[in-house]
Amino acid sequence: MPSFVQELRSAVTGRAAILVIGTLVLQLAFIASYVGAFHSPRPRDVALGVVAPQQISGQLVQRLDGLPGDPLAPRAVDGGEAAAARKIHNRDLDAALIVDPRGTTDTLLVASGAGASLAQATEAVLTRAEAAEGRKVRVKDVAPAAAGDARGLTAFYLAVGWCVGGYLCAAILAISAGARPANSHRAVIRLGALALYAAAAGLFGAVIAGPVLDALPGSIPGLWGLGALVVFAVGATTLALQGLAGVVGIGLAIAIVVVLGNPSAGGAYPYPLLPPFWNAIGPALPPGAGTWSARSIAYFGGNGLAPSLLVLGAWAVAGVVVTMACAVLKRQEKNSEE
C-alpha cells in the first residue's frame with residue numbers, strides 16, 4: 001500500500017502546490033487592495049475653482065487651502081460662473097465655488113457625472129467651511145448623471161466588463177494551444193482574433209449600456225472605439241504576460257487589472273477620494289483610463305480624453321510588441337535545439 005506521503009505527492013504535484021500558493025497570495029492581495037482603497041474614503045486635493053471678487057479671492061483661496069486634511073486644492077478662476085462651468089466641462093476642475101458678495105449664500109458647481117460620491121464629499125466639506133463663516137451653500141449640478149446611471153457608476157462597470165472580456169479572451173486563446181505561442185504566425189493569429197473580439201465586445205458593450213438599458217448617454221461610435229481599445233489593450237497585455245511567464249501570466253494579468261486596477265479606477269470613489277497609492281496608480285492602469293474616458297465621452301463632450309487614450313494605447317502597443325518578441329524568441333530557441 002502506498003504511504004500517505006506518496007499519495008499526497010501523486011495527488012498534489014509540486015507545480016500544483018506552487019499555483020495554489022500563488023492563488024492564495026493573489027487572493028490576499030485582492031482583499032488588501034480593495035479594503036485599503038475603500039475602507040476610509042475622504043477628499044484629498046479636490047480641484048476647486050473659486051470665483052470671488054478680487055479683494056477677497058486670495059484670502060478665501062488661502063483659507064480653503066488650509067482646511068485640516070487638505071481636502072481641497074483651490075485656485076482662483078476669472079470670468080465668472082460661466083468660465084468655472086467650462087473648466088469643469090473641460091475636466092480641469094472637479095467643482096467650483098461661486099461667491100455672492102451681496103448675500104450670504106454661495107453657489108457650488110459640481111459634476112455628478114464624474115461620480116456622485118465626489119460631488120457629495122465636496123459639498124460636505126464646503127458646507128462646513130462656509131457655515132464656520134456664517135454662510136450657506138447652494139449646489140448646482142452642471143454635468144448631472146443620467147437618470148439611469150445610478151451615482152455615475154455605469155462608466156466604471158462598463159470599463160470593468162470590457163477589461164474582464166479582454167483578459168478572459170486572451171486566456172482562452174492561450175489555454176487552447178499553449179500559453180506561449182510557438183511562432184510569430186501563431187502570435188499574429190491570436191492578436192488578430194483578439195482584435196476582432198475587441199471590436200465586437202466594444203460595440204455590444206456600448207449598445208447595452210446606451211440604447212438597451214439607457215444607463216449611459218454619449219456617442220455610441222465613441223464608446224465603441226473606446227471599448228475596443230480597452231479590450232484589446234487588456235487582452236494584448238495578458239498575451240504578453242503569458243508569453244513571458246506561461247500560464248502564470250494569467251495570474252499576473254489579474255493582479256494588474258483586477259487587484260490593482262479596479263479599486264484604483266475611480267469608480268465608486270473618484271481619484272480625490274482614494275488613498276495616495278491608489279490615486280497615483282489608477283490613471284496609469286486600463287480600468288482607470290477606461291472609466292475616465294467613458295465618463296468624458298458620456299458627460300463632458302469628450303474633453304480630457306487624450307491622456308487616458310495614450311495610456312490605453314501604450315498598454316496595447318506594449319502588449320503586441322512583447323507578445324511578438326516572445327514568439328520570435330521561442331521559435332529561435334526551438335530552431336537552436338533542432
# chains A, B, ... in the order shown; residues from 1 in each chain; ligands from 1

call {"tool": "select_by_dssp", "arguments": {"residues": "region 7-143 of chain A", "states": "helix (DSSP H, G or I)", "output": "ChimeraX atom specification"}}
result
/A:7-11,14-38,54-65,80-89,112-114,116-131

call {"tool": "residues_around", "arguments": {"residues": "region 69-79 of chain A", "least_positions_apart": "3", "cutoff": "12 Å", "atoms": "only C-alpha atoms", "output": "PyMOL selection string"}}
result
chain A and resi 41-66+82-88+92-99+118+121-126+129+272-275

call {"tool": "closest_residue", "arguments": {"among": "A:Ala119, A:Phe277, A:Val20, A:Leu309", "to": "Gly36 (chain A)", "atoms": "only C-alpha atoms"}}
result
A:Phe277

call {"tool": "closest_residue", "arguments": {"among": "A:Ile175, A:Ala268, A:Ala294, A:Leu285", "to": "Ala209 (chain A)", "atoms": "only C-alpha atoms"}}
result
A:Ala294

call {"tool": "closest_residue", "arguments": {"among": "A:Gly251, A:Gly166, A:Gly210, A:Gly115", "to": "Pro286 (chain A)", "atoms": "only C-alpha atoms"}}
result
A:Gly166
